[in-house]
Structure formats: structure tokens, C-alpha cells
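Shown next: query17.txt, containing compact mmCIF, C-alpha atoms.
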# COMPACT_ATOMS: atom_id res chain seq x y z
CA MET A 1 74.34 -86.97 -111.26
CA LYS A 2 72.47 -89.98 -109.87
CA LYS A 3 70.45 -92.22 -112.14
CA ILE A 4 67.14 -94.07 -112.06
CA LEU A 5 66.99 -96.67 -114.81
CA ILE A 6 63.58 -98.01 -115.88
CA LEU A 7 63.47 -101.17 -117.97
CA GLY A 8 60.33 -101.23 -120.11
CA ALA A 9 58.22 -98.38 -121.51
CA GLY A 10 54.91 -100.20 -121.44
CA THR A 11 52.07 -99.24 -119.12
CA ALA A 12 53.95 -99.62 -115.82
CA GLY A 13 57.29 -98.20 -116.94
CA THR A 14 55.79 -95.17 -118.67
CA MET A 15 53.63 -94.33 -115.65
CA MET A 16 56.66 -94.57 -113.35
CA ALA A 17 58.72 -92.28 -115.58
CA ASN A 18 55.97 -89.67 -115.52
CA HIS A 19 55.27 -89.95 -111.80
CA LEU A 20 58.95 -89.64 -110.90
CA SER A 21 59.50 -86.75 -113.30
CA HIS A 22 56.89 -84.80 -111.30
CA HIS A 23 58.78 -85.29 -108.01
CA LEU A 24 62.52 -85.69 -108.59
CA ASP A 25 65.05 -82.86 -108.61
CA THR A 26 66.34 -83.01 -112.20
CA LYS A 27 69.58 -81.33 -111.11
CA THR A 28 70.35 -84.36 -108.94
CA TRP A 29 68.54 -87.25 -110.62
CA GLU A 30 68.44 -88.41 -114.22
CA ILE A 31 65.77 -90.83 -115.50
CA ASP A 32 66.59 -93.26 -118.31
CA ILE A 33 63.90 -95.55 -119.71
CA VAL A 34 64.80 -98.46 -121.99
CA ASP A 35 62.57 -100.02 -124.65
CA HIS A 36 63.39 -101.29 -128.12
CA ARG A 37 59.87 -100.74 -129.47
CA GLN A 38 58.80 -97.64 -131.36
CA GLU A 39 55.09 -98.03 -130.56
CA HIS A 40 53.05 -98.10 -127.37
CA TYR A 41 50.17 -100.57 -127.37
CA TYR A 42 46.90 -100.18 -125.49
CA GLN A 43 46.68 -103.83 -124.50
CA PRO A 44 43.03 -103.84 -123.30
CA GLY A 45 42.20 -103.04 -126.92
CA TYR A 46 43.42 -106.47 -128.03
CA LEU A 47 40.10 -107.85 -126.75
CA PHE A 48 38.08 -105.55 -129.02
CA LEU A 49 40.17 -105.73 -132.19
CA PRO A 50 39.00 -109.24 -133.28
CA PHE A 51 35.38 -108.08 -133.18
CA ASP A 52 36.00 -104.84 -135.13
CA ILE A 53 34.99 -102.75 -132.10
CA TYR A 54 38.39 -101.03 -132.16
CA GLY A 55 40.76 -100.58 -135.07
CA PRO A 56 44.57 -100.58 -134.96
CA GLU A 57 44.56 -96.77 -134.82
CA ASP A 58 42.78 -96.96 -131.45
CA ILE A 59 45.43 -99.25 -129.99
CA VAL A 60 48.82 -98.12 -131.31
CA LYS A 61 50.55 -94.76 -130.76
CA PRO A 62 54.19 -93.61 -130.95
CA ILE A 63 55.99 -94.55 -127.75
CA ASN A 64 57.81 -91.22 -127.42
CA GLU A 65 54.51 -89.30 -127.14
CA PHE A 66 54.19 -90.49 -123.54
CA ILE A 67 57.75 -90.31 -122.24
CA PRO A 68 58.31 -87.15 -120.13
CA LYS A 69 60.71 -84.58 -121.61
CA SER A 70 62.92 -84.84 -118.54
CA ALA A 71 63.54 -88.56 -119.18
CA ASN A 72 65.87 -90.14 -121.75
CA LEU A 73 64.30 -92.83 -123.95
CA ILE A 74 66.94 -95.39 -124.94
CA SER A 75 65.75 -97.38 -127.97
CA ASP A 76 67.59 -100.65 -127.52
CA LYS A 77 67.16 -104.06 -125.90
CA ALA A 78 68.61 -104.90 -122.52
CA LYS A 79 70.73 -108.05 -122.67
CA LYS A 80 71.48 -108.69 -118.99
CA ILE A 81 71.04 -107.11 -115.57
CA ASP A 82 74.06 -107.29 -113.27
CA PRO A 83 72.73 -106.37 -109.79
CA LYS A 84 76.14 -106.68 -108.12
CA GLU A 85 77.68 -104.14 -110.51
CA LYS A 86 74.47 -102.07 -110.53
CA SER A 87 74.50 -102.12 -114.31
CA VAL A 88 72.58 -103.31 -117.36
CA VAL A 89 74.38 -104.59 -120.45
CA MET A 90 72.64 -103.63 -123.70
CA GLU A 91 72.51 -105.63 -126.93
CA ASN A 92 74.54 -102.94 -128.72
CA GLY A 93 77.32 -103.39 -126.15
CA ASP A 94 76.65 -100.29 -124.06
CA VAL A 95 76.64 -100.62 -120.29
CA LEU A 96 74.14 -98.53 -118.34
CA HIS A 97 74.80 -97.91 -114.65
CA TYR A 98 72.12 -97.09 -112.12
CA ASP A 99 71.60 -96.03 -108.53
CA ILE A 100 68.01 -97.30 -108.59
CA LEU A 101 66.64 -99.86 -111.05
CA ILE A 102 62.92 -100.21 -111.80
CA ILE A 103 61.94 -103.39 -113.63
CA ALA A 104 58.76 -103.03 -115.70
CA THR A 105 59.49 -105.56 -118.42
CA GLY A 106 56.01 -107.10 -118.36
CA CYS A 107 55.20 -110.60 -119.50
CA ASN A 108 54.73 -112.34 -122.83
CA ILE A 109 52.92 -115.35 -124.24
CA ALA A 110 54.91 -118.58 -124.62
CA PRO A 111 52.91 -120.91 -126.93
CA GLU A 112 56.01 -123.07 -127.32
CA GLU A 113 55.46 -124.30 -123.74
CA VAL A 114 52.60 -126.55 -124.95
CA ASN A 115 53.31 -129.30 -127.47
CA GLY A 116 51.78 -128.36 -130.83
CA MET A 117 50.30 -125.02 -129.80
CA ASP A 118 52.54 -122.99 -132.12
CA GLY A 119 52.47 -125.72 -134.77
CA ALA A 120 51.15 -125.86 -138.31
CA GLU A 121 47.77 -124.28 -137.41
CA TRP A 122 49.20 -121.29 -135.50
CA HIS A 123 47.35 -118.18 -136.71
CA LYS A 124 45.37 -120.36 -139.13
CA SER A 125 42.91 -122.14 -136.86
CA VAL A 126 44.80 -121.63 -133.57
CA PHE A 127 45.02 -118.01 -132.41
CA ASP A 128 45.98 -115.87 -129.44
CA PHE A 129 44.57 -112.43 -128.75
CA TYR A 130 47.17 -111.40 -126.16
CA THR A 131 49.44 -109.88 -128.82
CA PHE A 132 48.66 -107.20 -131.38
CA GLU A 133 49.66 -109.54 -134.21
CA GLY A 134 47.51 -112.39 -132.90
CA SER A 135 44.51 -110.17 -132.28
CA LEU A 136 44.74 -108.64 -135.76
CA ALA A 137 45.08 -112.06 -137.42
CA LEU A 138 42.07 -113.30 -135.46
CA ARG A 139 40.03 -110.29 -136.62
CA ASP A 140 40.73 -111.24 -140.24
CA LYS A 141 39.79 -114.86 -139.53
CA LEU A 142 36.49 -114.00 -137.83
CA ARG A 143 35.40 -111.70 -140.64
CA ASP A 144 35.11 -114.66 -143.01
CA TRP A 145 34.59 -117.61 -140.62
CA THR A 146 31.41 -119.52 -141.41
CA GLY A 147 31.00 -121.23 -138.04
CA GLY A 148 31.75 -124.45 -136.22
CA LYS A 149 33.29 -125.30 -132.85
CA LEU A 150 34.87 -122.25 -131.19
CA VAL A 151 36.99 -123.11 -128.14
CA VAL A 152 38.19 -120.35 -125.83
CA HIS A 153 41.03 -121.77 -123.74
CA ILE A 154 43.38 -120.83 -120.89
CA THR A 155 46.62 -122.79 -120.57
CA GLU A 156 47.60 -121.94 -116.99
CA MET A 157 47.60 -119.16 -114.42
CA PRO A 158 48.82 -116.49 -113.87
CA ILE A 159 47.88 -114.58 -117.02
CA LYS A 160 47.50 -110.93 -117.94
CA CYS A 161 43.97 -109.79 -117.16
CA PRO A 162 42.44 -113.07 -115.87
CA VAL A 163 38.93 -112.05 -116.99
CA ALA A 164 39.88 -111.37 -120.64
CA PRO A 165 39.23 -114.95 -121.87
CA LEU A 166 35.73 -114.82 -120.34
CA GLU A 167 35.16 -111.46 -121.97
CA PHE A 168 36.22 -112.94 -125.30
CA ALA A 169 33.67 -115.74 -124.95
CA PHE A 170 30.89 -113.28 -124.05
CA LEU A 171 31.77 -110.91 -126.89
CA ALA A 172 31.94 -113.84 -129.32
CA ASP A 173 28.38 -114.79 -128.34
CA SER A 174 27.24 -111.21 -129.02
CA TYR A 175 29.30 -110.94 -132.23
CA PHE A 176 27.81 -114.05 -133.81
CA LYS A 177 24.30 -113.07 -132.75
CA ASN A 178 24.75 -109.74 -134.53
CA LYS A 179 25.97 -111.61 -137.62
CA LYS A 180 22.83 -113.79 -137.48
CA MET A 181 24.92 -116.95 -137.18
CA ARG A 182 24.99 -117.79 -133.47
CA ASP A 183 23.15 -121.04 -134.23
CA LYS A 184 26.11 -122.06 -136.40
CA VAL A 185 28.69 -121.59 -133.63
CA GLU A 186 29.22 -123.85 -130.61
CA ILE A 187 31.25 -121.98 -127.97
CA THR A 188 33.17 -123.89 -125.30
CA TYR A 189 35.13 -122.24 -122.48
CA VAL A 190 38.04 -124.40 -121.27
CA THR A 191 39.93 -123.48 -118.10
CA PRO A 192 42.51 -125.05 -115.76
CA LEU A 193 40.51 -123.61 -112.84
CA SER A 194 37.67 -125.37 -111.05
CA GLY A 195 35.32 -122.55 -112.02
CA ALA A 196 34.96 -119.52 -114.24
CA PHE A 197 37.15 -117.28 -112.03
CA THR A 198 39.47 -117.39 -109.04
CA LYS A 199 37.05 -115.81 -106.52
CA PRO A 200 33.82 -117.57 -105.36
CA LYS A 201 31.22 -114.80 -105.68
CA ALA A 202 32.54 -113.63 -109.05
CA THR A 203 32.72 -117.26 -110.20
CA GLU A 204 29.05 -117.71 -109.35
CA ALA A 205 28.00 -114.62 -111.31
CA LEU A 206 30.20 -115.39 -114.30
CA SER A 207 29.21 -119.07 -114.44
CA HIS A 208 25.57 -117.98 -114.54
CA LEU A 209 26.34 -115.82 -117.56
CA LEU A 210 28.06 -118.72 -119.33
CA VAL A 211 24.97 -120.87 -118.87
CA GLU A 212 22.65 -118.02 -119.89
CA LYS A 213 24.57 -117.50 -123.12
CA ASN A 214 24.75 -121.22 -123.93
CA ILE A 215 28.53 -121.34 -123.59
CA HIS A 216 29.71 -124.78 -122.54
CA GLN A 217 32.30 -124.95 -119.77
CA VAL A 218 35.11 -127.47 -119.23
CA ASN A 219 36.94 -127.06 -115.90
CA ASP A 220 40.15 -128.47 -114.41
CA PHE A 221 41.66 -128.91 -117.88
CA GLY A 222 45.45 -129.19 -117.72
CA ILE A 223 46.44 -129.10 -121.38
CA LYS A 224 49.05 -131.57 -122.59
CA LYS A 225 49.06 -130.91 -126.33
CA VAL A 226 47.33 -129.39 -129.32
CA ASP A 227 46.76 -131.95 -132.06
CA ASN A 228 46.85 -129.87 -135.22
CA GLU A 229 45.78 -132.72 -137.52
CA LYS A 230 42.80 -133.93 -135.50
CA LYS A 231 42.04 -130.38 -134.30
CA VAL A 232 41.62 -131.30 -130.65
CA ILE A 233 43.22 -130.16 -127.41
CA ILE A 234 44.14 -132.96 -125.02
CA ASP A 235 44.67 -132.78 -121.26
CA TYR A 236 46.83 -134.95 -119.01
CA GLU A 237 43.86 -137.15 -118.14
CA GLY A 238 43.29 -137.92 -121.81
CA ARG A 239 40.20 -135.73 -122.21
CA GLU A 240 39.79 -134.23 -125.66
CA VAL A 241 38.01 -131.03 -126.71
CA PRO A 242 37.55 -130.69 -130.50
CA PHE A 243 37.76 -127.32 -132.24
CA ASP A 244 37.39 -125.72 -135.62
CA LEU A 245 38.72 -122.46 -134.22
CA LEU A 246 40.86 -122.41 -131.06
CA VAL A 247 41.38 -119.09 -129.30
CA THR A 248 43.93 -119.83 -126.61
CA VAL A 249 45.75 -117.93 -123.90
CA PRO A 250 49.19 -119.56 -123.86
CA THR A 251 51.43 -119.73 -120.81
CA ASN A 252 52.39 -116.21 -119.72
CA LYS A 253 56.04 -115.72 -118.73
CA GLY A 254 58.15 -112.81 -117.63
CA ASP A 255 60.64 -111.33 -120.08
CA ALA A 256 63.58 -113.51 -121.13
CA LEU A 257 65.87 -110.77 -119.79
CA ILE A 258 64.91 -111.85 -116.27
CA GLU A 259 65.95 -115.44 -117.00
CA ARG A 260 69.25 -114.35 -118.60
CA SER A 261 69.97 -112.23 -115.53
CA GLY A 262 69.22 -115.05 -113.08
CA ILE A 263 66.89 -112.94 -110.91
CA GLY A 264 63.51 -114.56 -111.60
CA ASP A 265 61.43 -117.58 -110.65
CA ASP A 266 60.50 -120.52 -112.90
CA LEU A 267 58.20 -118.28 -114.99
CA ASN A 268 60.71 -115.39 -115.15
CA TYR A 269 58.81 -113.23 -112.67
CA VAL A 270 60.90 -111.23 -110.21
CA PRO A 271 60.41 -112.11 -106.50
CA THR A 272 58.95 -108.91 -105.08
CA ASN A 273 57.73 -107.71 -101.69
CA LYS A 274 53.98 -107.62 -102.24
CA ALA A 275 53.45 -104.59 -99.98
CA THR A 276 56.47 -102.36 -100.81
CA LEU A 277 57.25 -103.49 -104.41
CA GLN A 278 60.93 -103.72 -103.57
CA SER A 279 62.92 -106.68 -104.88
CA MET A 280 63.17 -109.44 -102.28
CA GLU A 281 66.91 -109.77 -102.98
CA TYR A 282 68.23 -106.34 -103.94
CA GLN A 283 67.33 -103.18 -102.04
CA ASP A 284 68.08 -100.85 -104.97
CA ILE A 285 65.78 -102.73 -107.36
CA PHE A 286 62.02 -102.18 -107.50
CA VAL A 287 59.49 -104.08 -109.60
CA LEU A 288 55.95 -103.40 -110.74
CA GLY A 289 53.36 -104.40 -113.31
CA ASP A 290 53.35 -107.82 -114.92
CA ALA A 291 57.05 -108.39 -114.14
CA THR A 292 56.41 -109.14 -110.44
CA ASN A 293 55.55 -112.45 -108.80
CA ILE A 294 53.13 -110.84 -106.31
CA PRO A 295 49.73 -112.57 -105.94
CA ALA A 296 47.81 -109.70 -107.54
CA SER A 297 46.00 -109.54 -110.86
CA LYS A 298 48.22 -108.80 -113.86
CA ALA A 299 46.10 -105.90 -115.13
CA GLY A 300 46.55 -102.24 -116.01
CA SER A 301 44.63 -101.03 -112.95
CA VAL A 302 47.10 -102.86 -110.72
CA SER A 303 50.02 -101.11 -112.42
CA HIS A 304 48.23 -97.79 -111.88
CA PHE A 305 47.84 -98.35 -108.15
CA GLU A 306 51.34 -99.79 -107.82
CA ALA A 307 52.92 -96.80 -109.59
CA GLU A 308 51.47 -94.29 -107.13
CA ILE A 309 52.65 -96.29 -104.12
CA LEU A 310 56.03 -97.14 -105.62
CA THR A 311 56.70 -93.48 -106.43
CA GLU A 312 56.35 -92.60 -102.76
CA ASN A 313 58.49 -95.55 -101.71
CA ILE A 314 61.29 -94.60 -104.10
CA LEU A 315 61.26 -91.06 -102.72
CA ARG A 316 61.44 -92.53 -99.20
CA TYR A 317 64.28 -94.85 -100.27
CA ILE A 318 66.23 -91.86 -101.63
CA LYS A 319 65.81 -90.07 -98.29
CA GLY A 320 66.82 -93.17 -96.33
CA GLU A 321 63.36 -93.52 -94.78
CA PRO A 322 61.52 -96.83 -94.15
CA LEU A 323 59.34 -97.96 -97.05
CA LYS A 324 55.59 -97.96 -96.64
CA GLU A 325 53.93 -101.36 -96.81
CA GLU A 326 50.82 -99.99 -98.47
CA PHE A 327 50.11 -101.92 -101.65
CA ASP A 328 47.13 -104.17 -100.88
CA GLY A 329 46.80 -105.93 -104.24
CA HIS A 330 44.02 -103.56 -105.32
CA ALA A 331 42.54 -104.28 -108.75
CA ASN A 332 39.37 -103.29 -110.53
CA CYS A 333 38.25 -104.59 -113.88
CA PHE A 334 35.36 -104.01 -116.24
CA ILE A 335 34.20 -107.36 -117.62
CA GLU A 336 32.51 -107.10 -121.02
CA THR A 337 29.49 -109.41 -121.12
CA GLY A 338 28.31 -108.63 -124.65
CA ASN A 339 25.25 -106.85 -126.03
CA GLY A 340 26.51 -103.47 -124.80
CA LYS A 341 26.79 -104.44 -121.14
CA ALA A 342 29.56 -105.11 -118.65
CA LEU A 343 30.25 -106.09 -115.06
CA LEU A 344 32.65 -104.28 -112.73
CA ILE A 345 34.69 -106.00 -110.04
CA ASP A 346 36.85 -104.40 -107.32
CA PHE A 347 39.07 -106.54 -105.05
CA ASN A 348 42.46 -106.93 -103.38
CA TYR A 349 44.65 -109.49 -101.60
CA THR A 350 42.13 -110.13 -98.82
CA HIS A 351 38.71 -109.10 -100.22
CA GLU A 352 37.01 -110.85 -103.11
CA PRO A 353 34.72 -109.08 -105.60
CA VAL A 354 31.24 -108.50 -104.16
CA GLU A 355 28.18 -106.41 -105.00
CA GLY A 356 28.10 -102.74 -104.12
CA THR A 357 28.77 -99.30 -105.57
CA PHE A 358 31.85 -97.67 -107.14
CA PRO A 359 33.67 -95.32 -106.89
CA PHE A 360 31.49 -93.49 -104.35
CA PRO A 361 30.00 -95.62 -101.52
CA GLY A 362 26.22 -95.77 -101.74
CA ILE A 363 26.16 -93.43 -104.74
CA GLY A 364 28.10 -95.17 -107.48
CA PRO A 365 27.20 -94.39 -110.18
CA LEU A 366 28.70 -97.76 -111.16
CA ARG A 367 27.34 -101.01 -109.75
CA LEU A 368 29.68 -103.84 -108.75
CA LEU A 369 29.13 -107.40 -109.93
CA LYS A 370 26.01 -106.35 -111.84
CA GLU A 371 25.59 -106.15 -115.59
CA SER A 372 24.81 -102.66 -116.85
CA ARG A 373 25.09 -100.42 -119.87
CA MET A 374 26.92 -97.85 -117.74
CA ASN A 375 29.67 -100.33 -116.89
CA HIS A 376 30.11 -100.97 -120.61
CA MET A 377 30.43 -97.23 -121.24
CA GLY A 378 32.97 -97.10 -118.40
CA LYS A 379 35.03 -99.79 -120.12
CA LEU A 380 35.04 -97.85 -123.39
CA ALA A 381 35.81 -94.55 -121.59
CA PHE A 382 38.84 -96.12 -119.96
CA ARG A 383 40.74 -95.91 -123.27
CA TRP A 384 40.62 -92.10 -123.14
CA ILE A 385 41.62 -92.11 -119.47
CA TYR A 386 44.52 -94.44 -120.26
CA TRP A 387 46.01 -92.32 -123.06
CA ASN A 388 45.34 -88.93 -121.45
CA MET A 389 45.70 -89.50 -117.70
CA LEU A 390 47.13 -92.81 -116.51
CA LEU A 391 50.17 -92.96 -118.78
CA LYS A 392 50.97 -89.32 -118.01
CA GLY A 393 50.97 -89.94 -114.27
CA THR A 394 47.89 -87.84 -113.59
CA HIS A 395 46.22 -88.76 -110.33
CA ILE A 396 42.53 -89.73 -110.59
CA PRO A 397 41.12 -88.20 -107.40
CA PHE A 398 37.94 -90.28 -107.11
CA VAL A 399 39.69 -93.66 -107.43
CA SER A 400 41.57 -94.66 -104.28
CA THR A 401 44.89 -96.47 -104.52
CA ALA A 402 43.89 -98.70 -101.60
CA MET A 403 40.68 -100.66 -101.99
CA GLN A 404 37.74 -99.19 -100.08
CA THR A 405 35.33 -101.54 -98.27
CA GLU A 406 32.62 -98.90 -97.86
CA GLY A 407 29.69 -99.37 -100.20
CA LYS A 408 30.36 -103.07 -100.66
CA HIS A 409 28.06 -105.84 -99.45
CA TYR A 410 30.17 -108.41 -97.57
For this file, produce the structure as C-alpha cells.
Amino acid sequence: MKKILILGAGTAGTMMANHLSHHLDTKTWEIDIVDHRQEHYYQPGYLFLPFDIYGPEDIVKPINEFIPKSANLISDKAKKIDPKEKSVVMENGDVLHYDILIIATGCNIAPEEVNGMDGAEWHKSVFDFYTFEGSLALRDKLRDWTGGKLVVHITEMPIKCPVAPLEFAFLADSYFKNKKMRDKVEITYVTPLSGAFTKPKATEALSHLLVEKNIHQVNDFGIKKVDNEKKVIIDYEGREVPFDLLVTVPTNKGDALIERSGIGDDLNYVPTNKATLQSMEYQDIFVLGDATNIPASKAGSVSHFEAEILTENILRYIKGEPLKEEFDGHANCFIETGNGKALLIDFNYTHEPVEGTFPFPGIGPLRLLKESRMNHMGKLAFRWIYWNMLLKGTHIPFVSTAMQTEGKHY
């Protein structure tokens, strides 16, 4: 019996287990998937939890609900990958051997990378919303907060879902307006980028929204430290931004397993062929989701598109056929802009977000790079699609894996 071993049962790993279970001969191939957690988290929901739009019950479900019956869920932590021996050593001492390894270990926040960030004010006046615990603690803080200087901050790129901090700022504006206290809150958006986003046309649209909503913007801010006593963040040029409530996105790093195994870059991301999703160093290792170092957005939609392409490439690898170089960096994201509206962007390695229609050229019904109520409803509907289709490896016929240029205004 040959074995495919998947490390990580988050979004990417669970989708791969389901996709492969639909195609592999179970008499020849066995699928093992490793994850020490008992719960699966809908990470896009972390954005909504602080504002009481979603509750914990909308975000957390038992992990084994989504693992295919033909796969073996191993509830333990991986200690080290040994690519030369084609094995993974577990924390309980077991050694798992593989014929094909799929790394889907994701990435995590590392507040300890910035002096003072995880200091005395951590989860008191300094919060993240990129973890379930941080998002829940922030919800409790916002329920009773009486106002002051709210700073929404990004430490450095890359991060999971690059638009999420902007969405947080927009939703905060809407949240405080609904609580009749917007005049008591000064919102400042602080970014290491030179603009609101990484792509010019989207940056223009998003910067306009920041101005419209009276959200101050501080660009090119390379944070040096968080001063917990003075309640300021300080950059390497000596600039200071004061806060009463700091909502920060710490440095994002790949799993520590990658560092222990010596197969990652400086941020613990695995060097990966950006078109085939095969490891740059080991032919029998494939990588997808947030664990890769490819220059694509670290978002759930990317994992969705990667999983469909990687499934075909693994089947080709098993047959000894050349891999297809088909992943184009495709990503699409709904961007919540508050007040029941959202933007939608669709882009890839070579094409930036522009105006147009999605998913059907000229028809839509969704409009790209334009605020609308329908886009907001699409964002909320995605949660059902995630739990009931994406995780289970169900193909969505009207959403193409490769980005389509038709219907877009370049």
C-alpha cells in the first residue's frame, strides 16, 4: 500500500484530502492527514467576530466532520520532516513514512518578532484578530470600549488575507456609527506599504474609501517597537503613532515545523514552484495554501484554486507524467467596506484587480472594484459555500480555477 501524507487539516489540507479521495484507488493508495487540533476554524470569520456579526458557533466545527471517510486523521503534532528518509517524526515518537508528502501547515502570527508587541498590554489594549482567541478577546473589549484612538496596524508583508486589516478599519467605522459613538473614535490605518494595497488600481479605490470614512492613513511605517507604557508604536525613523486601542497584524510566519525540518526560508515558508506547487527541492513533496513562498495572496480562495490544480498534478506525478504549470496565482476576495456593502477583487500573478463583472463576463451579477450590497451578500454567503462545498472538494462550476480576463476593463 502506498501512502500520501498530508500535514495540516486546515482549509488547504482538508480540501486536498477530499479532492484526492475522489480520484485515488483506495486499494493502492492510503491517505493520512495529520493535525493535533480537534476543531476546524473558519478563519474569514475572525474579521466578523469582534463586531458581533458572527458568533463562535459560526466559526468553529469539529475537525473530523470534514475529513473523508477514506482518509485517516492522525491527532498528533509533527515534530520533524525528514525528506531524505521520506518520513515524518511525530511528537509521540511515531514515525510516519510517505510516498508523497503534501505540506499544508499554514502560517501563524508571531507578535514576539516586534519588541513589546506581546508585552504587558497584549489582549488588554493591544489585540490581534488573526487568531480565534485574539478575535474573541477583541470582541469583549469592543463591547465596553468608550472610545479614543483606534490604530489598525500591519507589521510586515506577507500576511494572510492582505485586505483583512482594511476591512477591519471599514467595519470599525460602521460599528461605531451604529453605536452612535463614531465621533468619539479616531481611526488610523498604519501600513508598511506605500499605499492602502499592493496593486495600483485597488489602492486608488481603497484609499478613496479611507478618506471618505475619515480614517487617517500612515504609510511606509516599519515598526520598531510597541511602547506599552506610553501607548505608542514607533517606527525605525522615530515616528510615533499613539493609541488607546491597537489592533495589529503581527508578522506572519510559516509553522515552526518547517524551521525544525530545515526546509523553509527565513519566514518558515517552503520554497515552491509557483506554477506546479511542487517543492523546489524535493520532487515527492508538494505544498499549498499559506505554507508556500509563492508570490500569491495568502487567502482561502487561493487554496481553493491551488487544490484543484495540485490534485491533477499529483495524479500526473503518480503516473510519471510531466506536471502542468497551470497555477497562475488566481485570487478573488470580497472586501467588506461597512454599512452592508463590499467590494470584490479578482487578480493573479500578472493582472491586477480592475473593474468589470464576475463570475460571468458582461453579466455578473457581481461587480468588480465597485461597492455594492450584492457583494456584501456574496461575502456572507461564502461561509455556507466554505462549509458545504469547498472543504468537501466540490467543484464550483461557475468559478474558473484560472483567472478569466473576459469581462474586465483593462
When you draw a straight line from atom CA of Asp32 of chain A to atom CA of Leu7 of chain A, how long is it in Å?
-> 8.5 Å
Proximity to Leu315 of chain A - best of A:Val211, A:Ile100, A:Leu142, A:Val218, all atoms listed in the file = A:Ile100
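Using all atoms listed in the file, the set of residues no farther than 7 Å from the position (32.7, -125.2, -119.1) comprises Thr188, Tyr189, Val190, His216, Gln217, Val218 and Asn219 of chain A.
Across the model, the gap from atom CA of His304 of chain A to atom CA of Pro361 of chain A is 21.1 Å.
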Restricting to all atoms listed in the file, whichever of A:Glu212, A:Glu326, A:Asp35, A:Glu156 is closest to Glu312 of chain A is A:Glu326
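Distance-wise, atom CA of Met389 of chain A and atom CA of His22 of chain A end up 13.7 Å apart.
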In file coordinates, which residues lie within 10 Å of (73.0, -103.2, -114.5) using only C-alpha atoms, given as a ChimeraX atom specification?
-> /A:5,78-90,95-101,261
Limited to C-alpha atoms, could you put the picked residues into a file as a CSV table (one decimal), in the coordinates of the input?
chain,number,residue,atom,x,y,z
A,5,LEU,CA,67.0,-96.7,-114.8
A,78,ALA,CA,68.6,-104.9,-122.5
A,79,LYS,CA,70.7,-108.0,-122.7
A,80,LYS,CA,71.5,-108.7,-119.0
A,81,ILE,CA,71.0,-107.1,-115.6
A,82,ASP,CA,74.1,-107.3,-113.3
A,83,PRO,CA,72.7,-106.4,-109.8
A,84,LYS,CA,76.1,-106.7,-108.1
A,85,GLU,CA,77.7,-104.1,-110.5
A,86,LYS,CA,74.5,-102.1,-110.5
A,87,SER,CA,74.5,-102.1,-114.3
A,88,VAL,CA,72.6,-103.3,-117.4
A,89,VAL,CA,74.4,-104.6,-120.4
A,90,MET,CA,72.6,-103.6,-123.7
A,95,VAL,CA,76.6,-100.6,-120.3
A,96,LEU,CA,74.1,-98.5,-118.3
A,97,HIS,CA,74.8,-97.9,-114.6
A,98,TYR,CA,72.1,-97.1,-112.1
A,99,ASP,CA,71.6,-96.0,-108.5
A,100,ILE,CA,68.0,-97.3,-108.6
A,101,LEU,CA,66.6,-99.9,-111.0
A,261,SER,CA,70.0,-112.2,-115.5
Of the residues A:Trp387, A:Phe132, A:Phe398, A:Phe286, which is the one nearest to Ile6 of chain A, using all atoms listed in the file?
-> A:Phe286
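Residues in contact with Glu352 of chain A at up to 12 Å, not including ones fewer than 2 positions away on its chain and judged by all atoms listed in the file, are Phe197, Thr198, Lys199, Pro200, Lys201, Ala202, Thr203, Ala296, Ser297, Gly329, His330, Ala331, Asn332, Ile345, Asp346, Phe347, Asn348, Tyr349, Thr350, Val354, Glu355, Leu368, Leu369, Met403, Thr405, Lys408, His409 and Tyr410 of chain A.
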Since fewer atoms than expected are present, regenerate N, CA and C atoms for segment 358-369 of chain A and write them as a PDB file, keeping the file's coordinate frame.
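Saved to part-v7.pdb:
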ATOM      1  N   PHE A 358      30.489 -98.116-106.836  1.00  0.00           N
ATOM      2  CA  PHE A 358      31.850 -97.670-107.140  1.00  0.00           C
ATOM      3  C   PHE A 358      31.754 -96.439-108.045  1.00  0.00           C
ATOM      4  N   PRO A 359      32.613 -95.439-107.900  1.00  0.00           N
ATOM      5  CA  PRO A 359      33.670 -95.320-106.890  1.00  0.00           C
ATOM      6  C   PRO A 359      33.201 -94.695-105.573  1.00  0.00           C
ATOM      7  N   PHE A 360      31.962 -94.144-105.561  1.00  0.00           N
ATOM      8  CA  PHE A 360      31.490 -93.490-104.350  1.00  0.00           C
ATOM      9  C   PHE A 360      30.536 -94.406-103.590  1.00  0.00           C
ATOM     10  N   PRO A 361      30.838 -94.719-102.310  1.00  0.00           N
ATOM     11  CA  PRO A 361      30.000 -95.620-101.520  1.00  0.00           C
ATOM     12  C   PRO A 361      28.544 -95.156-101.474  1.00  0.00           C
ATOM     13  N   GLY A 362      27.648 -96.067-101.805  1.00  0.00           N
ATOM     14  CA  GLY A 362      26.220 -95.770-101.740  1.00  0.00           C
ATOM     15  C   GLY A 362      25.686 -94.937-102.878  1.00  0.00           C
ATOM     16  N   ILE A 363      26.573 -94.320-103.648  1.00  0.00           N
ATOM     17  CA  ILE A 363      26.160 -93.430-104.740  1.00  0.00           C
ATOM     18  C   ILE A 363      26.479 -94.038-106.096  1.00  0.00           C
ATOM     19  N   GLY A 364      27.662 -94.621-106.203  1.00  0.00           N
ATOM     20  CA  GLY A 364      28.100 -95.170-107.480  1.00  0.00           C
ATOM     21  C   GLY A 364      28.827 -94.134-108.313  1.00  0.00           C
ATOM     22  N   PRO A 365      28.419 -93.891-109.535  1.00  0.00           N
ATOM     23  CA  PRO A 365      27.200 -94.390-110.180  1.00  0.00           C
ATOM     24  C   PRO A 365      27.316 -95.813-110.722  1.00  0.00           C
ATOM     25  N   LEU A 366      28.512 -96.426-110.627  1.00  0.00           N
ATOM     26  CA  LEU A 366      28.700 -97.760-111.160  1.00  0.00           C
ATOM     27  C   LEU A 366      28.305 -98.817-110.132  1.00  0.00           C
ATOM     28  N   ARG A 367      27.751 -99.913-110.614  1.00  0.00           N
ATOM     29  CA  ARG A 367      27.340-101.010-109.750  1.00  0.00           C
ATOM     30  C   ARG A 367      28.314-102.173-109.899  1.00  0.00           C
ATOM     31  N   LEU A 368      28.724-102.737-108.762  1.00  0.00           N
ATOM     32  CA  LEU A 368      29.680-103.840-108.750  1.00  0.00           C
ATOM     33  C   LEU A 368      28.976-105.173-108.922  1.00  0.00           C
ATOM     34  N   LEU A 369      29.595-106.034-109.704  1.00  0.00           N
ATOM     35  CA  LEU A 369      29.130-107.400-109.930  1.00  0.00           C
ATOM     36  C   LEU A 369      27.708-107.463-110.493  1.00  0.00           C
TER      37      LEU A 369
END
